[in-house]
file model-v2.cif (mmCIF, C-alpha atoms and all ligand atoms)
data_start
loop_
_atom_site.label_atom_id
_atom_site.label_comp_id
_atom_site.auth_asym_id
_atom_site.auth_seq_id
_atom_site.Cartn_x
_atom_site.Cartn_y
_atom_site.Cartn_z
CA MET A 21 96.19 89.33 45.78
CA LYS A 22 98.85 88.99 43.10
CA SER A 23 102.52 89.63 43.87
CA ALA A 24 105.69 88.48 42.13
CA PRO A 25 107.89 86.14 44.25
CA GLU A 26 110.68 88.77 44.33
CA GLU A 27 108.23 91.28 45.68
CA GLN A 28 107.05 88.82 48.34
CA GLU A 29 110.70 88.27 49.27
CA ARG A 30 111.10 92.04 49.74
CA LEU A 31 108.31 91.82 52.27
CA ILE A 32 110.60 89.65 54.40
CA THR A 33 113.38 92.25 54.16
CA LEU A 34 110.85 94.90 55.11
CA GLN A 35 109.76 92.81 58.08
CA THR A 36 113.38 92.43 59.22
CA LEU A 37 113.82 96.22 59.05
CA ASP A 38 110.56 96.87 60.91
CA THR A 39 111.49 94.37 63.61
CA LEU A 40 114.88 96.06 63.93
CA LEU A 41 113.22 99.49 64.21
CA THR A 42 110.89 98.19 66.94
CA GLN A 43 113.85 96.68 68.80
CA LEU A 44 115.82 99.92 68.51
CA ALA A 45 112.89 101.97 69.86
CA HIS A 46 112.54 99.54 72.76
CA LYS A 47 116.28 99.62 73.39
CA ALA A 48 116.29 103.43 73.47
CA LYS A 49 113.55 103.42 76.10
CA THR A 50 115.06 100.69 78.27
CA LEU A 51 118.77 101.55 78.25
CA PRO A 52 120.28 100.48 81.61
CA VAL A 53 122.02 103.86 81.72
CA ILE A 54 118.60 105.57 82.00
CA ALA A 55 117.73 103.58 85.14
CA ALA A 56 121.22 104.16 86.56
CA LEU A 57 120.85 107.88 85.91
CA GLU A 58 117.52 107.96 87.76
CA ILE A 59 119.01 106.28 90.82
CA VAL A 60 122.08 108.54 90.93
CA THR A 61 119.91 111.64 90.41
CA ILE A 62 117.72 110.71 93.39
CA SER A 63 120.85 110.23 95.56
CA HIS A 64 122.32 113.49 94.31
CA ASN A 65 119.13 115.46 95.02
CA SER A 66 118.76 114.11 98.53
CA THR A 67 122.43 114.82 99.31
CA ARG A 68 122.06 118.32 97.84
CA ASP A 69 119.02 118.88 100.12
CA LEU A 70 121.02 117.66 103.13
CA VAL A 71 123.75 120.21 102.32
CA ILE A 72 121.14 122.97 102.16
CA ALA A 73 119.62 121.84 105.48
CA ALA A 74 123.09 121.72 107.10
CA GLU A 75 123.90 125.21 105.81
CA THR A 76 120.65 126.54 107.27
CA GLU A 77 121.50 124.86 110.56
CA LYS A 78 124.97 126.42 110.45
CA ALA A 79 123.49 129.89 109.95
CA ASP A 80 121.32 129.32 113.03
CA ILE A 81 124.28 128.15 115.10
CA LYS A 82 126.36 131.12 113.91
CA HIS A 83 123.59 133.39 115.08
CA GLU A 84 123.67 131.65 118.45
CA LEU A 85 127.46 132.10 118.55
CA THR A 86 127.20 135.83 117.92
CA LYS A 87 124.63 136.14 120.69
CA SER A 88 126.83 134.14 123.03
CA GLU A 89 129.88 136.33 122.18
CA VAL A 90 127.88 139.46 122.91
CA ASP A 91 126.79 138.00 126.27
CA VAL A 92 130.40 137.32 127.23
CA GLU A 93 131.54 140.79 126.09
CA GLN A 94 128.85 142.46 128.20
CA VAL A 95 129.89 140.60 131.35
CA VAL A 96 133.58 141.28 130.67
CA ALA A 97 132.80 145.01 130.27
CA ARG A 98 131.03 145.07 133.64
CA ILE A 99 133.87 143.23 135.31
CA ASP A 100 136.37 145.76 133.87
CA LYS A 101 134.27 148.64 135.07
CA ASP A 102 134.00 147.23 138.62
CA GLU A 103 137.69 146.40 138.78
CA LYS A 104 138.66 149.94 137.70
CA ARG A 105 136.34 151.44 140.26
CA MET A 106 137.86 149.25 143.02
CA ALA A 107 141.38 150.11 141.92
CA SER A 108 140.60 153.84 141.92
CA GLY A 109 140.24 153.81 145.74
CA THR A 110 137.22 156.10 145.64
CA ALA A 111 134.72 153.54 146.88
CA SER A 112 133.67 153.24 150.50
CA PRO A 113 134.39 149.99 152.38
CA LYS A 114 130.70 149.10 152.12
CA GLU A 115 130.71 149.71 148.39
CA LEU A 116 133.92 147.68 148.06
CA GLU A 117 132.31 144.75 149.76
CA GLN A 118 129.27 144.99 147.50
CA MET A 119 131.51 145.18 144.44
CA GLN A 120 133.47 142.14 145.55
CA HIS A 121 130.23 140.19 145.79
CA GLU A 122 129.16 141.43 142.42
CA LEU A 123 132.53 140.58 140.86
CA ALA A 124 132.37 137.07 142.22
CA SER A 125 128.96 136.48 140.67
CA LEU A 126 130.01 138.22 137.42
CA ASN A 127 133.07 135.98 137.12
CA LYS A 128 130.92 132.95 137.76
CA ARG A 129 128.51 134.14 135.07
CA ARG A 130 131.42 134.81 132.72
CA SER A 131 132.77 131.28 132.97
CA GLU A 132 129.27 129.88 132.43
CA LEU A 133 128.83 132.02 129.32
CA GLU A 134 132.27 131.11 128.02
CA GLU A 135 131.40 127.47 128.43
CA ILE A 136 128.25 128.02 126.37
CA GLU A 137 130.30 129.90 123.75
CA LEU A 138 132.78 127.04 123.56
CA GLU A 139 130.01 124.50 123.20
CA VAL A 140 128.49 126.53 120.32
CA MET A 141 131.92 126.75 118.65
CA VAL A 142 132.26 122.97 118.82
CA ARG A 143 128.86 122.70 117.14
CA VAL A 144 129.99 125.07 114.37
CA ASP A 145 133.03 122.83 113.77
CA GLY A 146 130.80 119.77 113.71
CA ILE A 147 128.41 121.24 111.19
CA ASP A 148 131.35 122.46 109.08
CA ASP A 149 132.66 118.90 108.89
CA ARG A 150 129.23 117.63 107.96
CA ILE A 151 128.83 120.25 105.21
CA LYS A 152 132.28 119.41 103.89
CA SER A 153 131.67 115.68 103.62
CA LEU A 154 128.12 116.07 102.27
CA SER A 155 129.31 118.59 99.66
CA ALA A 156 132.05 116.21 98.55
CA GLU A 157 129.49 113.42 98.24
CA ARG A 158 127.12 115.71 96.30
CA ASP A 159 129.91 116.76 93.91
CA GLN A 160 130.90 113.14 93.34
CA LEU A 161 127.30 112.25 92.51
CA LYS A 162 127.07 115.25 90.17
CA ALA A 163 130.20 114.08 88.37
CA LYS A 164 128.66 110.61 88.07
CA ILE A 165 125.48 112.16 86.63
CA ASN A 166 127.53 114.03 84.01
CA GLU A 167 129.37 110.84 83.13
CA LEU A 168 126.12 108.88 82.77
CA GLU A 169 124.52 111.70 80.75
CA THR A 170 127.40 111.50 78.26
CA GLN A 171 127.08 107.72 78.12
CA LYS A 172 123.32 108.04 77.53
CA THR A 173 123.83 110.62 74.77
CA ASN A 174 126.38 108.38 73.04
CA GLU A 175 124.25 105.26 73.30
CA LEU A 176 121.17 107.08 72.02
CA ALA A 177 123.17 108.55 69.14
CA GLU A 178 124.29 105.04 68.20
CA ILE A 179 120.70 103.79 68.24
CA SER A 180 119.58 106.82 66.27
CA THR A 181 122.23 106.20 63.59
CA ALA A 182 121.18 102.55 63.29
CA GLY A 183 117.53 103.64 63.16
CA ALA A 184 118.18 106.23 60.45
CA SER A 185 119.99 103.67 58.34
CA ALA A 186 117.17 101.12 58.73
CA GLN A 187 114.63 103.83 57.97
CA LYS A 188 116.47 104.72 54.76
CA GLN A 189 116.57 101.09 53.66
CA ARG A 190 112.90 100.81 54.53
CA VAL A 191 111.93 103.72 52.27
CA ASP A 192 113.91 102.08 49.46
CA ILE A 193 112.30 98.66 49.89
CA VAL A 194 108.79 100.09 50.27
CA SER A 195 109.21 101.87 46.93
CA LYS A 196 109.70 98.46 45.34
CA ILE A 197 106.54 96.89 46.75
CA SER A 198 103.01 97.60 45.52
CA ALA A 199 100.97 100.02 47.61
CA GLU A 200 98.23 97.42 47.91
CA LEU A 201 100.56 94.81 49.41
CA ILE A 202 102.12 97.37 51.77
CA GLU A 203 98.65 98.32 52.93
CA LEU A 204 97.82 94.70 53.71
CA TYR A 205 101.17 94.18 55.44
CA GLU A 206 100.69 97.28 57.63
CA LYS A 207 97.14 96.27 58.50
CA ILE A 208 98.29 92.82 59.67
CA ARG A 209 101.26 94.29 61.53
CA LYS A 210 98.97 96.47 63.63
CA SER A 211 97.02 93.50 64.93
CA ALA A 212 99.79 90.89 65.01
CA ASP A 213 102.55 92.17 67.33
CA GLY A 214 104.26 94.14 64.59
CA ILE A 215 104.78 91.12 62.34
CA GLY A 216 102.98 91.33 59.02
CA SER A 217 104.90 88.80 56.97
CA ALA A 218 106.66 85.54 57.77
CA ARG A 219 108.47 82.78 55.98
CA LEU A 220 107.15 79.30 55.48
CA ILE A 221 109.94 77.15 56.90
CA GLU A 222 109.80 73.37 57.05
CA GLY A 223 106.05 73.26 57.11
CA LYS A 224 105.82 75.91 59.81
CA CYS A 225 104.77 79.55 59.77
CA ASP A 226 107.70 81.58 61.09
CA GLY A 227 105.22 84.17 62.38
CA CYS A 228 103.16 82.06 64.78
CA HIS A 229 105.52 79.03 64.76
CA LEU A 230 102.65 76.64 64.26
CA SER A 231 102.83 73.65 61.91
CA ILE A 232 100.67 73.83 58.87
CA ASN A 233 98.68 70.64 58.29
CA ALA A 234 99.28 68.50 55.21
CA VAL A 235 96.00 69.45 53.57
CA GLU A 236 96.72 73.14 53.91
CA LEU A 237 100.31 72.65 52.74
CA SER A 238 99.18 70.98 49.51
CA LYS A 239 96.66 73.76 49.04
CA ILE A 240 99.49 76.28 49.34
CA LYS A 241 101.63 74.27 46.94
CA ALA A 242 98.84 74.32 44.39
CA THR A 243 98.49 78.09 44.69
CA PRO A 244 100.26 79.99 41.89
CA ILE A 245 103.62 81.35 42.99
CA ASP A 246 102.58 84.95 42.33
CA GLU A 247 99.57 84.68 44.59
CA VAL A 248 99.81 86.07 48.12
CA VAL A 249 99.24 83.31 50.67
CA ARG A 250 98.27 83.87 54.32
CA CYS A 251 98.81 81.69 57.35
CA GLU A 252 95.58 79.94 58.33
CA GLU A 253 96.42 80.35 62.02
CA CYS A 254 97.76 83.89 62.39
CA ARG A 255 96.63 85.39 59.07
CA ARG A 256 100.10 86.79 58.39
CA ILE A 257 101.41 86.94 54.83
CA LEU A 258 103.23 83.67 54.28
CA VAL A 259 106.26 83.92 52.00
CA ARG A 260 107.03 80.58 50.42
CA PRO A 261 110.58 79.36 49.80
CA LYS A 262 111.81 79.25 46.21
CA GLY A 263 110.33 76.37 44.24
CA PHE A 264 107.69 75.56 46.83
ZN ZN B 1 101.17 81.91 61.30
#
call {"tool": "encode", "arguments": {"input": "model-v2.cif", "output": "structure tokens"}}
result
Amino acid sequence: MKSAPEEQERLITLQTLDTLLTQLAHKAKTLPVIAALEIVTISHNSTRDLVIAAETEKADIKHELTKSEVDVEQVVARIDKDEKRMASGTASPKELEQMQHELASLNKRRSELEEIELEVMVRVDGIDDRIKSLSAERDQLKAKINELETQKTNELAEISTAGASAQKQRVDIVSKISAELIELYEKIRKSADGIGSARLIEGKCDGCHLSINAVELSKIKATPIDEVVRCEECRRILVRPKGF
């Protein structure tokens, strides 16, 4: 295939741009901030779930507290009633004795129930503390997520700007290379790790980094300068230095 040396040189510029575009795409996918964001999001979600679980537990304990308060109120009401009856002086001595027994057991029951109520109240305080500290942790993680999201957006925007600029230069350079040569370059690129053209530097192909033997080198030297040469090893387009 025929191609002027300047055109072959453009193929190297094109290769540099394509390599840059590949690197940028890889960079966008492997930004450390993306991995950091994943880790923080997992922590945030599990903390958020713990808050929800603690709130559910609190609702259950509150329900228990209400029940316990009602139990105490009922016993207190019965005690009041019995005490009023005793104070009224209308009860017979036998009834008074019965009421005294009943009051003793009611008071015993009352202190038992109050103890239960107190224990439930302590549990409410405990769960409140847990919700408070878990919520603070969750909010901190959310703030970290927002911070990392901003960082990710900025870093991706930077990559995108660099990519757009390389893409623009690429369109320009492609317009200055024959369609036939571009087709060959793209075909090689597909099967050769994205590298379609390479320089011949100090007897080596810069694509596969292998030395070209003396016989092959003299063959290349004898090839007209406007003829497209390919590496014997990797089959990439070999761009010769000026005057080679
Ligand atoms: Zn090669």
call {"tool": "closest_residue", "arguments": {"input": "model-v2.cif", "among": "A:Val140, A:Arg129, A:Gln94, A:Met119", "to": "Asp80 of chain A", "atoms": "all atoms listed in the file"}}
result
A:Val140
call {"tool": "residues_around", "arguments": {"input": "model-v2.cif", "residues": "Lys82 of chain A", "least_positions_apart": "6", "cutoff": "12 Å", "atoms": "only C-alpha atoms", "output": "JSON, numbers by chain"}}
result
{"A": [75, 76, 88, 89, 137, 139, 140, 141, 142, 143, 144, 145, 147, 148]}
call {"tool": "atom_distance", "arguments": {"input": "model-v2.cif", "atom1": "atom CA of Glu175 of chain A", "atom2": "atom CA of Leu44 of chain A"}}
result
11.1 Å
call {"tool": "residues_around", "arguments": {"input": "model-v2.cif", "residues": "Glu222 of chain A", "least_positions_apart": "3", "cutoff": "12 Å", "atoms": "all atoms listed in the file", "output": "ChimeraX atom specification"}}
result
/A:219,225-226,229-234,237,260-261,264
call {"tool": "closest_atom_pairs", "arguments": {"input": "model-v2.cif", "of": "chain A", "to": "ligand ZN 1 (chain B)", "cutoff": "6 Å", "atoms": "only C-alpha atoms and all ligand atoms", "output": "JSON lines"}}
result
{"residue": "A:Cys225", "atom": "CA", "partner": "B:ZN1", "partner_atom": "ZN", "distance": 4.6}
{"residue": "A:Gly227", "atom": "CA", "partner": "B:ZN1", "partner_atom": "ZN", "distance": 4.8}
{"residue": "A:Cys228", "atom": "CA", "partner": "B:ZN1", "partner_atom": "ZN", "distance": 4.0}
{"residue": "A:Cys251", "atom": "CA", "partner": "B:ZN1", "partner_atom": "ZN", "distance": 4.6}
{"residue": "A:Glu253", "atom": "CA", "partner": "B:ZN1", "partner_atom": "ZN", "distance": 5.1}
{"residue": "A:Cys254", "atom": "CA", "partner": "B:ZN1", "partner_atom": "ZN", "distance": 4.1}
{"residue": "A:Arg256", "atom": "CA", "partner": "B:ZN1", "partner_atom": "ZN", "distance": 5.8}
call {"tool": "residues_around", "arguments": {"input": "model-v2.cif", "residues": "segment 96-113 of chain A", "least_positions_apart": "4", "cutoff": "10 Å", "atoms": "all atoms listed in the file", "output": "ChimeraX atom specification"}}
result
/A:90-92,117-120,122-127,129-130
call {"tool": "closest_residue", "arguments": {"input": "model-v2.cif", "among": "A:Ala212, A:Ile59, A:Ile245, A:Leu176", "to": "His46 of chain A", "atoms": "only C-alpha atoms"}}
result
A:Leu176
call {"tool": "closest_residue", "arguments": {"input": "model-v2.cif", "among": "A:Leu168, A:Ile136, A:Ile62, A:Leu57", "to": "Thr86 of chain A", "atoms": "all atoms listed in the file"}}
result
A:Ile136
call {"tool": "closest_residue", "arguments": {"input": "model-v2.cif", "among": "A:Lys172, A:His64, A:Glu26, A:Gln35", "to": "Ile257 of chain A", "atoms": "all atoms listed in the file"}}
result
A:Gln35
call {"tool": "closest_residue", "arguments": {"input": "model-v2.cif", "among": "A:Lys114, A:Arg255, A:Lys22, A:Lys188", "to": "Ser211 of chain A", "atoms": "only C-alpha atoms"}}
result
A:Arg255
call {"tool": "closest_residue", "arguments": {"input": "model-v2.cif", "among": "A:Leu133, A:Ile81, A:Leu161, A:Leu40", "to": "Ile179 of chain A", "atoms": "all atoms listed in the file"}}
result
A:Leu40
call {"tool": "atom_distance", "arguments": {"input": "model-v2.cif", "atom1": "atom CA of Leu204 of chain A", "atom2": "atom CA of Val259 of chain A"}}
result
13.8 Å
call {"tool": "residues_around", "arguments": {"input": "model-v2.cif", "residues": "Leu31 of chain A", "least_positions_apart": "3", "cutoff": "10 Å", "atoms": "only C-alpha atoms", "output": "VMD selection string"}}
result
chain A and resid 25 to 28 34 to 37 193 to 194 196 to 197 201 to 202 205 216 to 219 257 to 259
call {"tool": "residues_near_point", "arguments": {"input": "model-v2.cif", "point": "(120.2, 100.9, 64.5)", "cutoff": "12 Å", "atoms": "only C-alpha atoms", "output": "VMD selection string"}}
result
chain A and resid 37 to 48 175 to 189
call {"tool": "residues_around", "arguments": {"input": "model-v2.cif", "residues": "Ser153 of chain A", "least_positions_apart": "3", "cutoff": "12 Å", "atoms": "only C-alpha atoms", "output": "list in words"}}
result
Thr67, Arg68, Leu70, Val71, Ala74, Gly146, Ile147, Asp148, Asp149, Arg150, Ala156, Glu157, Arg158, Asp159 and Gln160 of chain A
call {"tool": "write_last_selection", "arguments": {"input": "model-v2.cif", "atoms": "C-alpha atoms", "output": "PDB file, in the coordinates of the input"}}
result
ATOM      1  CA  THR A  67     122.430 114.820  99.310  1.00  0.00           C
ATOM      2  CA  ARG A  68     122.060 118.320  97.840  1.00  0.00           C
ATOM      3  CA  LEU A  70     121.020 117.660 103.130  1.00  0.00           C
ATOM      4  CA  VAL A  71     123.750 120.210 102.320  1.00  0.00           C
ATOM      5  CA  ALA A  74     123.090 121.720 107.100  1.00  0.00           C
ATOM      6  CA  GLY A 146     130.800 119.770 113.710  1.00  0.00           C
ATOM      7  CA  ILE A 147     128.410 121.240 111.190  1.00  0.00           C
ATOM      8  CA  ASP A 148     131.350 122.460 109.080  1.00  0.00           C
ATOM      9  CA  ASP A 149     132.660 118.900 108.890  1.00  0.00           C
ATOM     10  CA  ARG A 150     129.230 117.630 107.960  1.00  0.00           C
ATOM     11  CA  ALA A 156     132.050 116.210  98.550  1.00  0.00           C
ATOM     12  CA  GLU A 157     129.490 113.420  98.240  1.00  0.00           C
ATOM     13  CA  ARG A 158     127.120 115.710  96.300  1.00  0.00           C
ATOM     14  CA  ASP A 159     129.910 116.760  93.910  1.00  0.00           C
ATOM     15  CA  GLN A 160     130.900 113.140  93.340  1.00  0.00           C
TER      16      GLN A 160
END
call {"tool": "atom_distance", "arguments": {"input": "model-v2.cif", "atom1": "atom CA of Ala79 of chain A", "atom2": "atom CA of Leu138 of chain A"}}
result
16.7 Å
call {"tool": "build_atoms", "arguments": {"input": "model-v2.cif", "residues": "segment 178-189 of chain A", "atoms": "all heavy atoms", "output": "tab-separated table (two decimals), in the frame of the given file"}}
result
chain	number	residue	atom	x	y	z
A	178	GLU	N	124.00	106.29	68.91
A	178	GLU	CA	124.29	105.04	68.20
A	178	GLU	C	122.99	104.40	67.70
A	178	GLU	O	122.90	103.98	66.55
A	178	GLU	CB	124.97	104.08	69.18
A	178	GLU	CG	126.22	103.41	68.64
A	178	GLU	CD	126.93	102.64	69.72
A	178	GLU	OE1	126.58	101.47	69.93
A	178	GLU	OE2	127.80	103.24	70.40
A	179	ILE	N	122.00	104.36	68.59
A	179	ILE	CA	120.70	103.79	68.24
A	179	ILE	C	120.05	104.62	67.13
A	179	ILE	O	119.49	104.08	66.17
A	179	ILE	CB	119.78	103.73	69.49
A	179	ILE	CG1	120.32	102.70	70.47
A	179	ILE	CG2	118.34	103.40	69.10
A	179	ILE	CD1	119.63	102.69	71.83
A	180	SER	N	120.17	105.92	67.25
A	180	SER	CA	119.58	106.82	66.27
A	180	SER	C	120.21	106.63	64.89
A	180	SER	O	119.52	106.64	63.87
A	180	SER	CB	119.74	108.25	66.78
A	180	SER	OG	119.39	109.15	65.80
A	181	THR	N	121.53	106.44	64.87
A	181	THR	CA	122.23	106.20	63.59
A	181	THR	C	121.74	104.90	62.95
A	181	THR	O	121.44	104.85	61.75
A	181	THR	CB	123.76	106.13	63.83
A	181	THR	OG1	124.14	107.31	64.51
A	181	THR	CG2	124.52	106.00	62.54
A	182	ALA	N	121.65	103.85	63.79
A	182	ALA	CA	121.18	102.55	63.29
A	182	ALA	C	119.74	102.68	62.79
A	182	ALA	O	119.38	102.12	61.74
A	182	ALA	CB	121.27	101.50	64.39
A	183	GLY	N	118.93	103.44	63.53
A	183	GLY	CA	117.53	103.64	63.16
A	183	GLY	C	117.41	104.40	61.84
A	183	GLY	O	116.60	104.03	60.98
A	184	ALA	N	118.23	105.43	61.67
A	184	ALA	CA	118.18	106.23	60.45
A	184	ALA	C	118.56	105.39	59.24
A	184	ALA	O	117.95	105.50	58.16
A	184	ALA	CB	119.11	107.43	60.57
A	185	SER	N	119.55	104.53	59.44
A	185	SER	CA	119.99	103.67	58.34
A	185	SER	C	118.89	102.67	57.97
A	185	SER	O	118.60	102.45	56.78
A	185	SER	CB	121.28	102.96	58.76
A	185	SER	OG	121.45	101.79	58.04
A	186	ALA	N	118.26	102.07	58.98
A	186	ALA	CA	117.17	101.12	58.73
A	186	ALA	C	115.98	101.82	58.06
A	186	ALA	O	115.36	101.28	57.14
A	186	ALA	CB	116.73	100.47	60.04
A	187	GLN	N	115.74	103.04	58.51
A	187	GLN	CA	114.63	103.83	57.97
A	187	GLN	C	114.85	104.12	56.47
A	187	GLN	O	113.92	104.05	55.67
A	187	GLN	CB	114.52	105.13	58.78
A	187	GLN	CG	113.18	105.81	58.77
A	187	GLN	CD	112.04	104.96	59.31
A	187	GLN	OE1	111.28	104.41	58.53
A	187	GLN	NE2	111.94	104.85	60.63
A	188	LYS	N	116.11	104.42	56.15
A	188	LYS	CA	116.47	104.72	54.76
A	188	LYS	C	116.27	103.48	53.88
A	188	LYS	O	115.70	103.56	52.78
A	188	LYS	CB	117.94	105.17	54.72
A	188	LYS	CG	118.25	106.13	53.60
A	188	LYS	CD	119.67	106.63	53.72
A	188	LYS	CE	120.24	106.86	52.33
A	188	LYS	NZ	121.59	106.31	52.16
A	189	GLN	N	116.74	102.35	54.39
A	189	GLN	CA	116.57	101.09	53.66
A	189	GLN	C	115.10	100.75	53.51
A	189	GLN	O	114.67	100.20	52.50
A	189	GLN	CB	117.27	99.95	54.41
A	189	GLN	CG	118.79	100.05	54.43
A	189	GLN	CD	119.38	98.93	55.29
A	189	GLN	OE1	119.26	97.77	54.97
A	189	GLN	NE2	120.00	99.30	56.40
